[in-house]
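Worksheet: one structure, shown below.
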Amino acid sequence: MVKIYGHPFSSFSWKAFIALYERDVPFEFLMLDPDHPENLEVVGRLAPTGQFPVLVDGDRVVIESAAIIEYLDLHHGDAPPMVPADPRAAIEARQMDGVFDDYVMIQVQRAVSSALREESKRDPWVEGEVQATLDRSYAWLDRWMTGRTWAANETFGIADIAAAPALHYANWAFPIPQTLTALRDYRARLVARPSVARVIDEARPWRDYFPLKGRGTPD
């Protein structure tokens, strides 16, 4: 059985979980937290900086959430692939996976990382920089999603898997403006998807640990 090392509140772990649920793949979950030092030790050896999620399938180790999703497409489950088999369609899917990771989720993580530091060590500029980047990203994504149901190729896939945690946490900390109706409607479709709703529910016990809570309303 596939093993997944991660955490239910981790945005990039969500990407692996959503793909597993979409493809109906059974897996063993191994928690990464101080109560499970043996799992932290394994991931510390398997991933360059101890980042997660990490997939272990027999002798095969796969790191990076996008690579895990593509690995599952090739080796596990009977659902349509999360990355299109047509290489031309796959370009748009991988493009949008990167957009949600780089220009939404990682921006939020910059603000989270600063907020978790001692007050004297926080970056005084990061909040404004992140807000400015997200303002541009939200506006671009609203235009992109106008007339679309899903983020790439009109099929739920890797782009939407990346969008789900990115827009969940981003909207919680830096709410999407009411005027961006295409993006807000897309986010509503995402959180209603059974696989996404499941990871949101599984993460609820850790919500109080989110350092930017209280700004927006989480799902």
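Just so we're on the same page: first chain in the structure tokens is A, next is B, and so on; residues restart at 1 for each chain, and ligands are numbered from 1 in the order they show up.
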For region 135-137 of chain A: contacts at 9 Å, only C-alpha atoms, fewer than 2 positions along chain excluded, given as a ChimeraX atom specification | /A:99-100,103-104,130-133,139-142,176-177
Writer output for current selection, N, CA and C atoms, as a short mmCIF file (atom, residue, chain, number, x, y, z; two decimals), in the first residue's frame:
```cif
data_model
loop_
_atom_site.label_atom_id
_atom_site.label_comp_id
_atom_site.auth_asym_id
_atom_site.auth_seq_id
_atom_site.Cartn_x
_atom_site.Cartn_y
_atom_site.Cartn_z
N VAL A 99 0.95 28.38 -11.20
CA VAL A 99 0.40 29.69 -10.85
C VAL A 99 -0.18 29.67 -9.43
N PHE A 100 -0.98 28.67 -9.12
CA PHE A 100 -1.59 28.62 -7.79
C PHE A 100 -0.55 28.36 -6.70
N TYR A 103 2.14 31.88 -7.04
CA TYR A 103 1.63 33.24 -6.92
C TYR A 103 0.47 33.39 -5.94
N VAL A 104 0.07 32.27 -5.34
CA VAL A 104 -0.95 32.32 -4.28
C VAL A 104 -0.43 31.64 -3.02
N VAL A 130 3.02 40.75 0.26
CA VAL A 130 2.13 39.62 -0.03
C VAL A 130 0.77 40.13 -0.50
N GLN A 131 0.24 41.13 0.16
CA GLN A 131 -1.06 41.66 -0.25
C GLN A 131 -1.00 42.19 -1.68
N ALA A 132 0.07 42.89 -2.01
CA ALA A 132 0.20 43.45 -3.36
C ALA A 132 0.28 42.34 -4.40
N THR A 133 1.06 41.30 -4.10
CA THR A 133 1.17 40.17 -5.04
C THR A 133 -0.16 39.47 -5.20
N ALA A 139 -6.68 39.30 -9.37
CA ALA A 139 -7.26 39.97 -10.54
C ALA A 139 -7.00 39.15 -11.81
N TRP A 140 -5.79 38.64 -11.94
CA TRP A 140 -5.44 37.83 -13.11
C TRP A 140 -6.27 36.55 -13.13
N LEU A 141 -6.39 35.90 -11.97
CA LEU A 141 -7.15 34.65 -11.89
C LEU A 141 -8.64 34.88 -12.15
N ASP A 142 -9.15 36.02 -11.73
CA ASP A 142 -10.56 36.32 -12.00
C ASP A 142 -10.79 36.42 -13.50
N ILE A 176 -10.50 37.34 -0.77
CA ILE A 176 -10.71 37.68 -2.17
C ILE A 176 -11.79 38.76 -2.26
N PRO A 177 -11.55 39.86 -2.95
CA PRO A 177 -12.56 40.93 -3.04
C PRO A 177 -13.89 40.45 -3.60
#
```
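By only C-alpha atoms, and with residues fewer than 2 positions from region 56-66 of chain A along its chain excluded, the set lying at most 6 Å from it is Val2, Lys3, Ala16, Val54, Ile68 and Ile69 of chain A.
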May I have the selected residues written with N, CA and C atoms, as a PDB file, in the first residue's frame?
```
ATOM      1  N   VAL A   2       0.429   2.261  -0.715  1.00  0.00           N
ATOM      2  CA  VAL A   2       1.119   3.546  -0.741  1.00  0.00           C
ATOM      3  C   VAL A   2       1.149   4.163   0.661  1.00  0.00           C
ATOM      4  N   LYS A   3       2.290   4.760   1.007  1.00  0.00           N
ATOM      5  CA  LYS A   3       2.415   5.507   2.255  1.00  0.00           C
ATOM      6  C   LYS A   3       2.577   6.988   1.930  1.00  0.00           C
ATOM      7  N   ALA A  16      -1.663  16.084  -2.333  1.00  0.00           N
ATOM      8  CA  ALA A  16      -1.552  14.630  -2.423  1.00  0.00           C
ATOM      9  C   ALA A  16      -2.839  13.952  -1.980  1.00  0.00           C
ATOM     10  N   VAL A  54       5.631  13.337   1.260  1.00  0.00           N
ATOM     11  CA  VAL A  54       6.519  12.345   0.664  1.00  0.00           C
ATOM     12  C   VAL A  54       5.701  11.079   0.451  1.00  0.00           C
ATOM     13  N   ILE A  68       4.020  13.746  -7.146  1.00  0.00           N
ATOM     14  CA  ILE A  68       3.200  12.706  -6.522  1.00  0.00           C
ATOM     15  C   ILE A  68       1.902  12.526  -7.306  1.00  0.00           C
ATOM     16  N   ILE A  69       1.280  13.633  -7.687  1.00  0.00           N
ATOM     17  CA  ILE A  69       0.033  13.560  -8.449  1.00  0.00           C
ATOM     18  C   ILE A  69       0.253  12.829  -9.773  1.00  0.00           C
TER      19      ILE A  69
END
```
Would you mind writing down, as a PyMOL selection string, each residue of chain A that DSSP on the backbone assigns to helix (DSSP H, G or I)?
-> chain A and resi 11-22+37-46+65-75+87-116+119-121+126-145+158-173+181-192+194-209
Please run DSSP on the backbone and report, as a PDB file with C-alpha atoms, in the first residue's frame, all residues within chain A that come out as strand (DSSP E or B).
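Saved file selection-v6.pdb follows:
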```
ATOM      1  CA  VAL A   2       1.119   3.546  -0.741  1.00  0.00           C
ATOM      2  CA  LYS A   3       2.415   5.507   2.255  1.00  0.00           C
ATOM      3  CA  ILE A   4       2.049   9.262   2.545  1.00  0.00           C
ATOM      4  CA  TYR A   5       4.051  11.306   5.039  1.00  0.00           C
ATOM      5  CA  GLY A   6       2.415  14.665   5.707  1.00  0.00           C
ATOM      6  CA  PHE A  27      -3.059   4.686   1.492  1.00  0.00           C
ATOM      7  CA  GLU A  28      -1.337   4.612   4.843  1.00  0.00           C
ATOM      8  CA  PHE A  29      -1.006   8.059   6.371  1.00  0.00           C
ATOM      9  CA  LEU A  30       2.043   8.797   8.540  1.00  0.00           C
ATOM     10  CA  MET A  31       1.723  11.929  10.639  1.00  0.00           C
ATOM     11  CA  VAL A  54       6.519  12.345   0.664  1.00  0.00           C
ATOM     12  CA  LEU A  55       5.104   9.259  -1.060  1.00  0.00           C
ATOM     13  CA  VAL A  56       6.646   5.848  -0.509  1.00  0.00           C
ATOM     14  CA  ASP A  57       5.492   2.998  -2.739  1.00  0.00           C
ATOM     15  CA  ARG A  60       9.993   4.064  -4.835  1.00  0.00           C
ATOM     16  CA  VAL A  61      10.104   7.461  -3.121  1.00  0.00           C
ATOM     17  CA  VAL A  62       8.416  10.475  -4.708  1.00  0.00           C
ATOM     18  CA  ILE A  63       8.748  13.999  -3.323  1.00  0.00           C
TER      19      ILE A  63
END
```
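Closest approach to Val112 (chain A) among A:Phe210, A:Ile161, A:His75, A:Glu41 is made by A:Phe210 (distances from only C-alpha atoms).
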Do a neighbour search on Glu22 (chain A) at 8 Å with only C-alpha atoms, toss out local chain neighbours closer than 4 positions, and write the hits as a PDB file with C-alpha atoms, in the first residue's frame.
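In the end it all went to result-v9.pdb:
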```
ATOM      1  CA  ILE A  18      -7.037  15.284  -2.931  1.00  0.00           C
ATOM      2  CA  ALA A  79      -9.942   7.665 -12.493  1.00  0.00           C
ATOM      3  CA  SER A 195     -12.403  15.332  -2.230  1.00  0.00           C
TER       4      SER A 195
END
```
Determine, counting only C-alpha atoms, which protein, DNA and RNA residues have an atom within 9 Å of an atom of Arg23 (chain A); residues of the same chain fewer than 3 positions away are not included. Present the result as an MDAnalysis selection string.
-> chainID A and resid 18:20 72:73 76:82
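Taking only C-alpha atoms into account, Asp97 (chain A) lies nearest to A:Ala164 out of the set A:Ala164, A:Met145, A:Val42, A:Ala115.
CA of Pro194 (chain A) is positioned 13.1 Å from CA of Trp14 (chain A).
With only C-alpha atoms as the atoms that count, the minimum distance from Phe156 (chain A) to the choices A:Leu46, A:Met96, A:Ala67, A:Val199 is reached by A:Met96.
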Residue nearest Ile106 (chain A) among A:Tyr169, A:Tyr209, A:Tyr71, A:Phe17 (counting only C-alpha atoms) | A:Tyr169
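Considering the residues A:Asp219, A:Glu129, A:Asp123, A:Asp86 and counting only C-alpha atoms, Arg204 (chain A) has its shortest atom-to-atom contact with A:Asp219.
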Considering only C-alpha atoms, state which residue in the set A:Arg45, A:Arg110, A:His168, A:Lys121 is at the smallest distance from Ala197 (chain A).
-> A:His168
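The environment of Ser11 (chain A) within 9 Å, counting only C-alpha atoms and disregarding residues fewer than 4 places along the same chain, consists of His7, Lys15, Met105, Ala162, Ala164, Pro165, Ala166 and Tyr169 of chain A.
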